[in-house]
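**Student:** Got a file for you: query08.csv, CSV, C-alpha atoms.
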```csv
chain,number,residue,atom,x,y,z
A,1,MET,CA,-52.1,-46.2,69.7
A,2,THR,CA,-52.9,-42.4,69.5
A,3,ALA,CA,-51.1,-39.5,71.0
A,4,THR,CA,-53.7,-39.3,73.8
A,5,ASP,CA,-53.3,-42.9,74.9
A,6,PRO,CA,-51.4,-43.6,78.1
A,7,ALA,CA,-47.7,-44.3,77.7
A,8,PRO,CA,-46.7,-47.9,77.8
A,9,ARG,CA,-45.4,-49.3,81.1
A,10,VAL,CA,-41.7,-49.1,81.5
A,11,SER,CA,-39.4,-50.9,83.9
A,12,ALA,CA,-38.3,-49.2,87.1
A,13,PRO,CA,-34.6,-48.2,87.4
A,14,PRO,CA,-32.3,-50.0,89.9
A,15,ARG,CA,-32.9,-49.3,93.6
A,16,TRP,CA,-29.6,-47.5,93.9
A,17,VAL,CA,-30.9,-44.9,91.3
A,18,SER,CA,-33.9,-44.3,93.5
A,19,TRP,CA,-31.6,-43.7,96.5
A,20,LEU,CA,-29.5,-41.3,94.4
A,21,ILE,CA,-32.6,-39.4,93.4
A,22,ALA,CA,-33.8,-39.2,97.0
A,23,LEU,CA,-30.5,-37.8,98.2
A,24,THR,CA,-30.1,-35.1,95.6
A,25,PRO,CA,-32.2,-32.5,97.5
A,26,ILE,CA,-29.9,-32.9,100.5
A,27,PHE,CA,-26.6,-33.0,98.5
A,28,PRO,CA,-27.3,-31.4,95.1
A,29,PRO,CA,-23.8,-32.1,93.6
A,30,LEU,CA,-25.0,-35.7,93.2
A,31,TYR,CA,-26.7,-34.5,90.0
A,32,LEU,CA,-23.2,-34.7,88.5
A,33,ALA,CA,-23.9,-38.4,88.1
A,34,ALA,CA,-26.3,-37.4,85.3
A,35,PHE,CA,-23.3,-37.0,82.9
A,36,ALA,CA,-23.1,-40.8,82.9
A,37,THR,CA,-26.4,-41.0,81.0
A,38,LEU,CA,-25.5,-38.7,78.1
A,39,GLY,CA,-25.6,-41.7,75.7
A,40,HIS,CA,-29.3,-41.9,76.2
A,41,LEU,CA,-29.8,-38.8,74.1
A,42,ARG,CA,-29.4,-41.1,71.1
A,43,ARG,CA,-32.6,-42.8,72.0
A,44,LEU,CA,-34.7,-39.6,71.7
A,45,PRO,CA,-36.8,-39.1,68.5
A,46,LEU,CA,-35.2,-37.2,65.6
A,47,THR,CA,-37.3,-34.0,66.1
A,48,ALA,CA,-36.3,-33.9,69.8
A,49,ARG,CA,-32.7,-34.3,69.0
A,50,ARG,CA,-32.9,-31.5,66.4
A,51,VAL,CA,-34.5,-29.2,69.0
A,52,LEU,CA,-31.8,-30.0,71.5
A,53,PHE,CA,-29.1,-29.5,68.8
A,54,PHE,CA,-30.6,-26.1,68.0
A,55,PHE,CA,-30.6,-25.2,71.7
A,56,ALA,CA,-26.9,-26.2,72.1
A,57,VAL,CA,-25.8,-24.4,69.0
A,58,THR,CA,-27.6,-21.2,69.8
A,59,GLN,CA,-26.0,-21.1,73.3
A,60,LEU,CA,-22.5,-21.5,71.8
A,61,ILE,CA,-23.0,-19.1,68.9
A,62,ALA,CA,-24.4,-16.5,71.3
A,63,ALA,CA,-21.3,-16.8,73.4
A,64,LEU,CA,-19.2,-15.7,70.4
A,65,PHE,CA,-21.0,-12.3,70.4
A,66,THR,CA,-20.4,-11.4,74.0
A,67,PRO,CA,-17.8,-9.0,75.4
A,68,ALA,CA,-15.6,-11.9,76.6
A,69,PRO,CA,-16.1,-14.6,73.9
A,70,LEU,CA,-13.5,-17.1,75.1
A,71,THR,CA,-14.8,-17.1,78.7
A,72,SER,CA,-18.4,-17.1,77.5
A,73,VAL,CA,-17.9,-20.1,75.2
A,74,GLY,CA,-16.4,-22.2,78.0
A,75,LEU,CA,-19.2,-21.3,80.5
A,76,ALA,CA,-21.9,-21.7,77.8
A,77,GLY,CA,-20.5,-25.1,77.0
A,78,LEU,CA,-20.5,-26.2,80.6
A,79,ARG,CA,-24.1,-25.0,81.2
A,80,THR,CA,-25.3,-26.6,77.9
A,81,MET,CA,-23.7,-29.9,78.7
A,82,GLU,CA,-25.4,-29.9,82.2
A,83,ALA,CA,-28.8,-29.2,80.6
A,84,LEU,CA,-28.3,-32.0,78.1
A,85,ALA,CA,-27.2,-34.4,80.9
A,86,MET,CA,-30.4,-33.7,82.7
A,87,VAL,CA,-32.4,-34.3,79.6
A,88,ALA,CA,-30.5,-37.5,79.2
A,89,VAL,CA,-31.6,-38.6,82.7
A,90,GLY,CA,-35.2,-38.0,81.7
A,91,ALA,CA,-34.6,-40.2,78.6
A,92,TYR,CA,-33.1,-42.9,80.9
A,93,LEU,CA,-35.9,-42.8,83.4
A,94,LYS,CA,-38.7,-42.6,80.7
A,95,ASP,CA,-41.4,-41.9,83.3
A,96,SER,CA,-42.0,-39.1,85.8
A,97,ARG,CA,-43.1,-41.7,88.4
A,98,PHE,CA,-39.5,-42.7,89.1
A,99,LEU,CA,-38.8,-39.2,90.4
A,100,ARG,CA,-41.0,-39.7,93.4
A,101,PRO,CA,-38.0,-40.5,95.7
A,102,LEU,CA,-37.2,-36.8,95.6
A,103,LEU,CA,-40.0,-36.3,98.1
A,104,TRP,CA,-38.1,-38.0,100.9
A,105,GLY,CA,-35.1,-35.8,100.5
A,106,GLN,CA,-37.3,-32.7,100.3
A,107,LEU,CA,-39.1,-33.7,103.6
A,108,ILE,CA,-35.6,-33.9,105.2
A,109,ILE,CA,-34.9,-30.4,103.9
A,110,PHE,CA,-38.1,-29.0,105.4
A,111,ALA,CA,-37.4,-30.6,108.7
A,112,SER,CA,-33.8,-29.2,108.8
A,113,ALA,CA,-35.2,-25.7,107.8
A,114,TRP,CA,-37.6,-25.7,110.7
A,115,ALA,CA,-35.0,-27.1,113.1
A,116,TYR,CA,-32.3,-24.7,112.1
A,117,THR,CA,-34.5,-21.6,112.1
A,118,LEU,CA,-36.2,-22.4,115.4
A,119,GLY,CA,-32.9,-23.6,116.9
A,120,THR,CA,-30.9,-20.5,116.0
A,121,GLN,CA,-33.6,-17.7,116.0
A,122,GLY,CA,-36.7,-19.1,117.7
A,123,TRP,CA,-40.2,-18.1,116.6
A,124,GLU,CA,-38.9,-14.7,115.6
A,125,GLY,CA,-36.9,-16.4,112.9
A,126,VAL,CA,-40.0,-18.0,111.5
A,127,GLN,CA,-41.8,-14.7,111.6
A,128,ALA,CA,-38.9,-13.2,109.6
A,129,ARG,CA,-39.6,-16.1,107.0
A,130,LEU,CA,-38.6,-19.7,107.4
A,131,GLY,CA,-35.1,-20.3,106.0
A,132,HIS,CA,-32.4,-22.9,105.5
A,133,PRO,CA,-28.6,-22.7,105.5
A,134,TYR,CA,-28.3,-23.3,101.7
A,135,TYR,CA,-31.8,-23.1,100.4
A,136,TYR,CA,-32.9,-19.5,99.7
A,137,VAL,CA,-36.4,-18.7,101.2
A,138,VAL,CA,-38.0,-18.5,97.8
A,139,THR,CA,-36.4,-21.8,96.8
A,140,LEU,CA,-37.7,-23.4,99.9
A,141,GLY,CA,-41.2,-22.3,99.0
A,142,LEU,CA,-40.8,-23.7,95.4
A,143,VAL,CA,-39.5,-27.0,96.7
A,144,ALA,CA,-42.5,-27.2,99.0
A,145,VAL,CA,-44.8,-26.8,96.0
A,146,ILE,CA,-43.0,-29.6,94.1
A,147,ALA,CA,-43.4,-31.8,97.2
A,148,LEU,CA,-47.1,-31.0,97.3
A,149,TRP,CA,-47.5,-32.1,93.7
A,150,LEU,CA,-45.6,-35.3,94.3
A,151,ILE,CA,-47.8,-36.1,97.3
A,152,VAL,CA,-51.1,-35.3,95.6
A,153,LEU,CA,-50.3,-37.1,92.4
A,154,TRP,CA,-48.8,-40.2,94.0
A,155,ARG,CA,-51.2,-42.9,93.1
A,156,GLY,CA,-51.6,-45.6,95.7
A,157,GLY,CA,-50.1,-43.6,98.5
A,158,GLY,CA,-51.1,-44.3,102.1
A,159,TRP,CA,-52.0,-42.4,105.2
A,160,TRP,CA,-48.5,-40.8,105.3
A,161,ARG,CA,-49.6,-38.4,102.5
A,162,TRP,CA,-51.7,-36.3,104.9
A,163,PRO,CA,-48.9,-35.4,107.5
A,164,ALA,CA,-46.4,-35.1,104.7
A,165,GLY,CA,-48.8,-32.8,102.7
A,166,LEU,CA,-49.5,-30.7,105.8
A,167,PHE,CA,-45.8,-30.4,106.5
A,168,ALA,CA,-45.1,-29.2,103.0
A,169,LEU,CA,-48.0,-26.8,103.2
A,170,ALA,CA,-46.8,-25.3,106.5
A,171,THR,CA,-43.3,-24.9,105.0
A,172,LEU,CA,-44.7,-23.1,102.0
A,173,LEU,CA,-46.8,-20.8,104.2
A,174,ALA,CA,-43.9,-20.1,106.5
A,175,SER,CA,-41.6,-19.2,103.6
A,176,GLY,CA,-43.9,-16.3,102.7
A,177,SER,CA,-43.0,-16.7,99.0
A,178,ARG,CA,-45.5,-15.4,96.5
A,179,GLY,CA,-43.8,-16.8,93.4
A,180,PRO,CA,-44.2,-20.4,94.5
A,181,LEU,CA,-47.8,-19.7,95.4
A,182,LEU,CA,-48.3,-18.5,91.8
A,183,ALA,CA,-46.5,-21.7,90.5
A,184,LEU,CA,-48.8,-23.9,92.7
A,185,PHE,CA,-52.0,-22.4,91.4
A,186,THR,CA,-50.9,-22.2,87.7
A,187,GLY,CA,-49.4,-25.7,87.7
A,188,SER,CA,-52.3,-27.3,89.5
A,189,VAL,CA,-54.8,-25.7,87.1
A,190,ALA,CA,-52.8,-26.9,84.1
A,191,ALA,CA,-52.5,-30.4,85.5
A,192,LEU,CA,-56.3,-30.5,86.0
A,193,ALA,CA,-57.1,-29.0,82.6
A,194,PHE,CA,-54.8,-31.1,80.4
A,195,GLN,CA,-54.3,-34.4,82.2
A,196,LYS,CA,-55.2,-37.5,80.2
A,197,GLY,CA,-56.9,-40.5,81.7
A,198,LYS,CA,-60.2,-42.1,82.6
A,199,GLN,CA,-61.3,-39.4,85.0
A,200,ARG,CA,-60.4,-35.9,86.0
A,201,ARG,CA,-59.2,-35.2,89.5
A,202,PRO,CA,-60.4,-31.8,90.7
A,203,TRP,CA,-58.8,-32.3,94.1
A,204,LEU,CA,-55.6,-31.4,92.4
A,205,LEU,CA,-56.5,-27.9,93.3
A,206,LEU,CA,-56.8,-28.7,97.0
A,207,PRO,CA,-53.3,-27.6,98.0
A,208,ALA,CA,-53.6,-24.2,96.3
A,209,VAL,CA,-57.2,-23.7,97.7
A,210,GLY,CA,-56.1,-24.8,101.2
A,211,LEU,CA,-53.1,-22.4,101.2
A,212,VAL,CA,-55.3,-19.5,100.1
A,213,ILE,CA,-57.9,-20.3,102.8
A,214,LEU,CA,-55.2,-20.5,105.5
A,215,ALA,CA,-53.8,-17.2,104.4
A,216,MET,CA,-57.1,-15.5,104.3
A,217,VAL,CA,-58.2,-16.9,107.7
A,218,SER,CA,-54.9,-15.8,109.3
A,219,PHE,CA,-55.2,-12.4,107.8
A,220,LYS,CA,-58.9,-11.9,108.8
A,221,ALA,CA,-58.3,-13.2,112.3
A,222,GLN,CA,-55.3,-10.8,112.5
A,223,ILE,CA,-53.0,-13.7,113.6
A,224,PRO,CA,-49.6,-12.2,113.9
A,225,PHE,CA,-47.8,-14.3,111.3
A,226,LYS,CA,-45.7,-12.1,109.1
A,227,PRO,CA,-45.0,-14.6,106.2
A,228,VAL,CA,-48.8,-14.7,105.6
A,229,GLU,CA,-48.9,-10.9,105.5
A,230,ARG,CA,-46.2,-11.0,102.8
A,231,LEU,CA,-48.2,-13.5,100.8
A,232,LEU,CA,-51.1,-11.1,100.6
A,233,ASN,CA,-48.8,-8.1,99.8
A,234,ASP,CA,-48.8,-6.9,96.2
A,235,GLN,CA,-45.4,-5.2,96.3
A,236,THR,CA,-42.8,-6.2,93.7
A,237,SER,CA,-39.9,-6.1,96.2
A,238,GLY,CA,-37.8,-4.0,93.8
A,239,ARG,CA,-38.1,-6.4,90.9
A,240,GLU,CA,-39.1,-3.6,88.5
A,241,LEU,CA,-35.7,-2.1,89.2
A,242,VAL,CA,-33.9,-5.4,88.5
A,243,TRP,CA,-35.9,-5.8,85.3
A,244,LYS,CA,-34.9,-2.3,84.1
A,245,ASP,CA,-31.2,-3.1,84.8
A,246,ALA,CA,-31.5,-6.4,82.9
A,247,VAL,CA,-33.0,-4.6,79.8
A,248,GLN,CA,-30.3,-2.0,79.9
A,249,GLY,CA,-27.6,-4.6,80.3
A,250,TRP,CA,-29.0,-6.6,77.4
A,251,GLN,CA,-29.0,-3.5,75.2
A,252,THR,CA,-25.2,-3.3,75.5
A,253,SER,CA,-24.9,-6.6,73.7
A,254,PRO,CA,-28.2,-7.5,72.1
A,255,ILE,CA,-27.2,-10.4,69.8
A,256,GLY,CA,-25.2,-12.6,72.2
A,257,GLY,CA,-25.8,-11.0,75.6
A,258,VAL,CA,-23.0,-10.4,78.1
A,259,GLY,CA,-22.2,-14.1,78.7
A,260,PRO,CA,-23.4,-16.9,81.0
A,261,TYR,CA,-23.0,-16.1,84.7
A,262,GLN,CA,-21.6,-12.7,83.8
A,263,GLY,CA,-24.8,-10.6,84.1
A,264,GLY,CA,-24.4,-9.7,87.8
A,265,PRO,CA,-22.5,-6.4,87.4
A,266,TYR,CA,-25.2,-5.2,85.1
A,267,LEU,CA,-27.9,-5.8,87.7
A,268,THR,CA,-26.8,-2.7,89.7
A,269,TYR,CA,-29.8,-2.8,92.0
A,270,LEU,CA,-28.7,-6.1,93.4
A,271,PHE,CA,-24.9,-5.8,92.7
A,272,LYS,CA,-24.5,-2.9,95.1
A,273,ASP,CA,-25.3,-5.1,98.1
A,274,GLY,CA,-22.2,-7.1,97.5
A,275,CYS,CA,-21.8,-10.8,98.4
A,276,GLN,CA,-24.6,-12.2,100.6
A,277,LEU,CA,-25.4,-15.7,101.7
A,278,THR,CA,-29.0,-16.8,102.4
A,279,PRO,CA,-31.1,-14.5,104.6
A,280,THR,CA,-31.2,-17.1,107.3
A,281,LEU,CA,-27.4,-17.2,107.6
A,282,GLU,CA,-27.2,-13.4,107.4
A,283,ARG,CA,-29.6,-13.1,110.3
A,284,ASN,CA,-27.3,-15.5,112.2
A,285,GLU,CA,-24.4,-13.1,111.4
A,286,ILE,CA,-22.7,-15.6,109.1
A,287,ARG,CA,-21.2,-13.4,106.4
A,288,CYS,CA,-20.0,-14.2,103.0
A,289,PRO,CA,-16.3,-15.3,103.1
A,290,GLU,CA,-13.8,-13.0,101.4
A,291,SER,CA,-12.8,-15.9,99.1
A,292,LEU,CA,-16.4,-16.0,97.7
A,293,SER,CA,-16.9,-12.2,97.3
A,294,ARG,CA,-15.4,-12.1,93.8
A,295,TRP,CA,-17.9,-14.7,92.6
A,296,ALA,CA,-20.9,-13.0,94.2
A,297,SER,CA,-22.2,-11.7,90.9
A,298,VAL,CA,-22.5,-15.2,89.5
A,299,LEU,CA,-25.5,-15.8,91.7
A,300,LEU,CA,-27.5,-12.7,90.8
A,301,ILE,CA,-30.5,-13.2,88.6
A,302,ALA,CA,-32.8,-10.8,86.7
A,303,HIS,CA,-36.0,-12.2,88.4
A,304,ASN,CA,-37.5,-13.0,85.1
A,305,VAL,CA,-36.2,-16.0,83.1
A,306,TRP,CA,-36.6,-14.3,79.7
A,307,LEU,CA,-34.9,-11.1,80.7
A,308,HIS,CA,-32.2,-13.1,82.4
A,309,TRP,CA,-31.6,-15.2,79.3
A,310,LEU,CA,-31.6,-12.1,77.1
A,311,LEU,CA,-29.1,-10.5,79.4
A,312,GLU,CA,-26.7,-13.5,79.4
A,313,THR,CA,-27.3,-15.0,75.9
A,314,GLY,CA,-29.0,-12.2,73.8
A,315,LEU,CA,-31.5,-12.9,71.1
A,316,VAL,CA,-29.6,-15.9,69.7
A,317,GLY,CA,-29.4,-17.9,73.0
A,318,THR,CA,-32.9,-16.9,74.1
A,319,ALA,CA,-34.3,-18.4,70.8
A,320,GLY,CA,-32.8,-21.7,71.7
A,321,LEU,CA,-34.4,-21.8,75.2
A,322,LEU,CA,-37.7,-20.7,73.7
A,323,ALA,CA,-37.6,-23.6,71.2
A,324,VAL,CA,-37.0,-26.2,73.9
A,325,THR,CA,-39.7,-24.7,76.1
A,326,LEU,CA,-42.4,-24.5,73.4
A,327,TYR,CA,-41.7,-28.0,72.1
A,328,GLY,CA,-41.8,-29.4,75.6
A,329,PHE,CA,-45.1,-27.6,76.4
A,330,TRP,CA,-46.6,-29.0,73.2
A,331,LEU,CA,-45.6,-32.6,73.9
A,332,ALA,CA,-46.6,-32.3,77.6
A,333,VAL,CA,-50.1,-31.2,76.7
A,334,ARG,CA,-50.5,-34.0,74.2
A,335,GLN,CA,-49.2,-36.6,76.6
A,336,GLY,CA,-51.2,-35.4,79.6
A,337,ASP,CA,-48.9,-36.4,82.5
A,338,PRO,CA,-50.2,-34.3,85.4
A,339,PHE,CA,-46.9,-34.0,87.2
A,340,ILE,CA,-45.0,-32.9,84.1
A,341,LEU,CA,-47.9,-30.4,83.3
A,342,ALA,CA,-47.7,-29.0,86.9
A,343,ILE,CA,-44.0,-28.5,86.8
A,344,LEU,CA,-43.8,-27.0,83.3
A,345,PHE,CA,-46.7,-24.6,83.6
A,346,GLY,CA,-46.0,-23.8,87.3
A,347,PHE,CA,-42.4,-23.0,86.6
A,348,ALA,CA,-43.4,-21.0,83.5
A,349,ALA,CA,-45.6,-18.8,85.8
A,350,MET,CA,-42.9,-18.4,88.4
A,351,ASN,CA,-40.4,-17.6,85.8
A,352,MET,CA,-42.2,-14.3,85.2
A,353,VAL,CA,-41.0,-13.1,88.6
A,354,ASP,CA,-37.9,-15.3,89.2
A,355,VAL,CA,-35.5,-17.6,87.4
A,356,VAL,CA,-36.0,-21.3,88.0
A,357,LEU,CA,-34.5,-22.9,84.9
A,358,THR,CA,-30.8,-21.7,85.2
A,359,LEU,CA,-28.3,-24.5,86.1
A,360,PRO,CA,-27.0,-25.4,88.5
A,361,SER,CA,-29.5,-25.1,91.3
A,362,VAL,CA,-30.2,-27.0,94.5
A,363,HIS,CA,-32.3,-29.4,92.4
A,364,PHE,CA,-35.4,-27.6,91.1
A,365,ALA,CA,-33.9,-26.4,87.8
A,366,GLU,CA,-32.5,-29.8,87.2
A,367,LEU,CA,-35.9,-31.3,87.7
A,368,TRP,CA,-37.3,-29.1,84.9
A,369,TRP,CA,-34.7,-30.3,82.4
A,370,VAL,CA,-35.1,-34.0,83.5
A,371,LEU,CA,-38.9,-33.8,82.8
A,372,ILE,CA,-38.2,-32.2,79.4
A,373,GLY,CA,-36.2,-35.4,78.8
A,374,VAL,CA,-39.0,-37.6,80.0
A,375,THR,CA,-41.4,-35.8,77.7
A,376,PHE,CA,-39.2,-36.1,74.7
A,377,ARG,CA,-38.6,-39.8,75.3
A,378,ALA,CA,-42.3,-40.5,75.7
A,379,VAL,CA,-42.7,-39.8,72.0
A,380,GLN,CA,-40.2,-42.5,71.1
A,381,GLU,CA,-41.8,-45.0,73.6
A,382,ARG,CA,-45.1,-44.6,71.9
A,383,ALA,CA,-43.5,-45.0,68.4
A,384,ASP,CA,-41.8,-48.2,69.6
A,385,ALA,CA,-45.0,-49.5,71.0
A,386,THR,CA,-46.8,-49.2,67.7
A,387,ALA,CA,-44.0,-50.7,65.7
```
Now that the file is in, can you turn its structure into structure tokens?

**Tutor:**
Amino acid sequence: MTATDPAPRVSAPPRWVSWLIALTPIFPPLYLAAFATLGHLRRLPLTARRVLFFFAVTQLIAALFTPAPLTSVGLAGLRTMEALAMVAVGAYLKDSRFLRPLLWGQLIIFASAWAYTLGTQGWEGVQARLGHPYYYVVTLGLVAVIALWLIVLWRGGGWWRWPAGLFALATLLASGSRGPLLALFTGSVAALAFQKGKQRRPWLLLPAVGLVILAMVSFKAQIPFKPVERLLNDQTSGRELVWKDAVQGWQTSPIGGVGPYQGGPYLTYLFKDGCQLTPTLERNEIRCPESLSRWASVLLIAHNVWLHWLLETGLVGTAGLLAVTLYGFWLAVRQGDPFILAILFGFAAMNMVDVVLTLPSVHFAELWWVLIGVTFRAVQERADATA
């Protein structure tokens, strides 16, 4: 068996695991169950374990060179353990097909976003960008993109894929998020270009093409839908100021950064606004509780994953993330799983204008690390099949 051959068939996990996966988009803390799978890291091939060891060590070493080393070591340890737990889940599942139940939870999130926005703000709320009580508007758009990939790549799916796909597409359009649109296009092209199998499927690009056509028709027909106008806007929304803050913050501690979850005060462009909840809650005059205000900076990001990692972990920690990412990309291209290719390349594109790998998240960052685990485990599965 060669590296380009399809992976051997693997047995499906128990039904309760599928239910757990389906419920995580609705209740993200369920991902804590991933820590029970840490033992599956031993089943990864030696090279993969070395890459993960290098990642873990660089995160901890970087923390020693931060302004608050004791705090940073603790936080770096927690974040690294969560990343390893997610990789272990991928090693346990062995195949990206078993992540399909995520779609059902995501569809419930879309329904609750429309219901909450229309119920509290009416159509004006949708015009101001579709939102959700605990999913940020950009996050909602990214999850819609993931749902579209699940739907399009679901082999053997029935008629339900059409209404589900249109629902996800409408949610993406109403979120008015340009980063997810970039992820959709880049990930779809990568899945089409590198997928392995008996035949290519050019219709992988249909969601991206369909969204562009909808946006262009709405714009040309002058349909008053503000999220579409934002999709066609080329403004950076102040990101260049955040990037500048991140670089200046990193320069204060270039080797180890300023510490995990401690970069917020250095992002002065964002930090000056204080504690804010999701835009949807803010529009409903639901303000950040005083008890959470002191932790507001933890949620601030540099809107570029590499600048964000440099700010928090310096050159040392960023080298670890780069190693995991490049090794994962190399294996994904060799293996040719279209869903993994879409996620890895799509997230890489969006990471240029956002941060979608930092844990914890509402479930998208966890998905990236889980698929890294699936990719790493696939190498061992092929080796076992040839033994």

**Student:** For range 264-274 of chain A, list every protein, DNA or RNA residue within 8 Å, evaluated using only C-alpha atoms, and leave out those in the same chain fewer than 4 positions away; present the list as a list in words.

**Tutor:**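 The neighbour list is Leu241, Val242, Asp245, Ala246, Gln248, Gly249, Ser293, Ala296, Ser297, Val298, Leu299, Leu300, Ile301 and Ala302 of chain A.
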
**Student:** Compare A:Leu75, A:Leu322, A:Leu142, A:Ile286 by their minimum atom-to-atom distance to Gly346 in chain A, counting only C-alpha atoms, and give me the closest one.

**Tutor:**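 Smallest distance to Gly346 in chain A is found for A:Leu142.
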
**Student:** For CA of Asp95 in chain A and CA of Val10 in chain A, quote the distance in Å rounded to one decimal.

**Tutor:**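 Computing the Euclidean distance for CA of Asp95 in chain A and CA of Val10 in chain A yields 7.4 Å.
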
**Student:** When you count all atoms listed in the file, which of these residues is closest to Phe339 in chain A: A:Gly317, A:Gly187, A:Pro260, A:Pro279?

**Tutor:**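 The closest residue to Phe339 in chain A is A:Gly187.
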
**Student:** Compile the contact shell of Ala144 in chain A as a PDB file with C-alpha atoms, keeping the file's coordinate frame: residues with an atom at most 9 Å away, counting only C-alpha atoms, same-chain residues fewer than 6 positions apart removed.

**Tutor:**
```
ATOM      1  CA  GLN A 106     -37.300 -32.700 100.300  1.00  0.00           C
ATOM      2  CA  LEU A 107     -39.100 -33.700 103.600  1.00  0.00           C
ATOM      3  CA  PHE A 110     -38.100 -29.000 105.400  1.00  0.00           C
ATOM      4  CA  PHE A 167     -45.800 -30.400 106.500  1.00  0.00           C
ATOM      5  CA  ALA A 168     -45.100 -29.200 103.000  1.00  0.00           C
ATOM      6  CA  LEU A 169     -48.000 -26.800 103.200  1.00  0.00           C
ATOM      7  CA  ALA A 170     -46.800 -25.300 106.500  1.00  0.00           C
ATOM      8  CA  THR A 171     -43.300 -24.900 105.000  1.00  0.00           C
ATOM      9  CA  LEU A 172     -44.700 -23.100 102.000  1.00  0.00           C
ATOM     10  CA  PRO A 180     -44.200 -20.400  94.500  1.00  0.00           C
TER      11      PRO A 180
END
```

**Student:** Enter the distance from CA of Leu52 in chain A to CA of Leu321 in chain A, in Å, rounded to one decimal.

**Tutor:**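 Going from CA of Leu52 in chain A over to CA of Leu321 in chain A covers 9.4 Å.
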
**Student:** In Å, with one decimal, what is the gap from CA of Tyr116 in chain A to CA of Leu181 in chain A?

**Tutor:**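 Calculated distance between CA of Tyr116 in chain A and CA of Leu181 in chain A is 23.3 Å.
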
**Student:** Around the point (-40.2, -17.0, 97.4) (coordinates from the file), which residues reach within 9 Å if we count all atoms listed in the file? Answer as a list of chain:residue names.

**Tutor:**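 Final list of nearby residues, as requested, is A:Tyr136, A:Val137, A:Val138, A:Thr139, A:Leu140, A:Gly141, A:Leu142, A:Leu172, A:Ser175, A:Gly176, A:Ser177, A:Arg178, A:Gly179, A:Pro180, A:Leu181, A:Asp354.
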
**Student:** Since we have the selection now, will you write its residues out, keeping C-alpha atoms, as a JSON list (two decimals), in the coordinates of the input?

**Tutor:**
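Okay, out.json is ready:
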```json
[["chain", "number", "residue", "atom", "x", "y", "z"],
["A", 136, "TYR", "CA", -32.90, -19.50, 99.70],
["A", 137, "VAL", "CA", -36.40, -18.70, 101.20],
["A", 138, "VAL", "CA", -38.00, -18.50, 97.80],
["A", 139, "THR", "CA", -36.40, -21.80, 96.80],
["A", 140, "LEU", "CA", -37.70, -23.40, 99.90],
["A", 141, "GLY", "CA", -41.20, -22.30, 99.00],
["A", 142, "LEU", "CA", -40.80, -23.70, 95.40],
["A", 172, "LEU", "CA", -44.70, -23.10, 102.00],
["A", 175, "SER", "CA", -41.60, -19.20, 103.60],
["A", 176, "GLY", "CA", -43.90, -16.30, 102.70],
["A", 177, "SER", "CA", -43.00, -16.70, 99.00],
["A", 178, "ARG", "CA", -45.50, -15.40, 96.50],
["A", 179, "GLY", "CA", -43.80, -16.80, 93.40],
["A", 180, "PRO", "CA", -44.20, -20.40, 94.50],
["A", 181, "LEU", "CA", -47.80, -19.70, 95.40],
["A", 354, "ASP", "CA", -37.90, -15.30, 89.20]]
```

**Student:** Some atoms are absent from range 168-175 of chain A, so rebuild N, CA, C and O atoms and return them as a PDB file, in the frame of the given file.

**Tutor:**
```pdb
ATOM      1  N   ALA A 168     -45.483 -29.981 104.167  1.00  0.00           N
ATOM      2  CA  ALA A 168     -45.100 -29.200 103.000  1.00  0.00           C
ATOM      3  C   ALA A 168     -45.862 -27.900 102.906  1.00  0.00           C
ATOM      4  O   ALA A 168     -45.312 -26.842 102.581  1.00  0.00           O
ATOM      5  N   LEU A 169     -47.159 -27.980 103.210  1.00  0.00           N
ATOM      6  CA  LEU A 169     -48.000 -26.800 103.200  1.00  0.00           C
ATOM      7  C   LEU A 169     -47.587 -25.763 104.198  1.00  0.00           C
ATOM      8  O   LEU A 169     -47.518 -24.557 103.923  1.00  0.00           O
ATOM      9  N   ALA A 170     -47.255 -26.240 105.408  1.00  0.00           N
ATOM     10  CA  ALA A 170     -46.800 -25.300 106.500  1.00  0.00           C
ATOM     11  C   ALA A 170     -45.466 -24.694 106.084  1.00  0.00           C
ATOM     12  O   ALA A 170     -45.233 -23.504 106.360  1.00  0.00           O
ATOM     13  N   THR A 171     -44.594 -25.463 105.436  1.00  0.00           N
ATOM     14  CA  THR A 171     -43.300 -24.900 105.000  1.00  0.00           C
ATOM     15  C   THR A 171     -43.501 -23.837 103.942  1.00  0.00           C
ATOM     16  O   THR A 171     -42.852 -22.782 103.982  1.00  0.00           O
ATOM     17  N   LEU A 172     -44.404 -24.093 102.996  1.00  0.00           N
ATOM     18  CA  LEU A 172     -44.700 -23.100 102.000  1.00  0.00           C
ATOM     19  C   LEU A 172     -45.261 -21.827 102.593  1.00  0.00           C
ATOM     20  O   LEU A 172     -44.867 -20.711 102.231  1.00  0.00           O
ATOM     21  N   LEU A 173     -46.169 -21.991 103.530  1.00  0.00           N
ATOM     22  CA  LEU A 173     -46.800 -20.800 104.200  1.00  0.00           C
ATOM     23  C   LEU A 173     -45.742 -20.038 104.968  1.00  0.00           C
ATOM     24  O   LEU A 173     -45.705 -18.809 104.904  1.00  0.00           O
ATOM     25  N   ALA A 174     -44.872 -20.733 105.701  1.00  0.00           N
ATOM     26  CA  ALA A 174     -43.900 -20.100 106.500  1.00  0.00           C
ATOM     27  C   ALA A 174     -42.772 -19.405 105.700  1.00  0.00           C
ATOM     28  O   ALA A 174     -42.106 -18.492 106.176  1.00  0.00           O
ATOM     29  N   SER A 175     -42.572 -19.870 104.458  1.00  0.00           N
ATOM     30  CA  SER A 175     -41.600 -19.200 103.600  1.00  0.00           C
ATOM     31  C   SER A 175     -42.013 -17.872 103.114  1.00  0.00           C
ATOM     32  O   SER A 175     -41.192 -17.034 102.723  1.00  0.00           O
TER      33      SER A 175
END
```
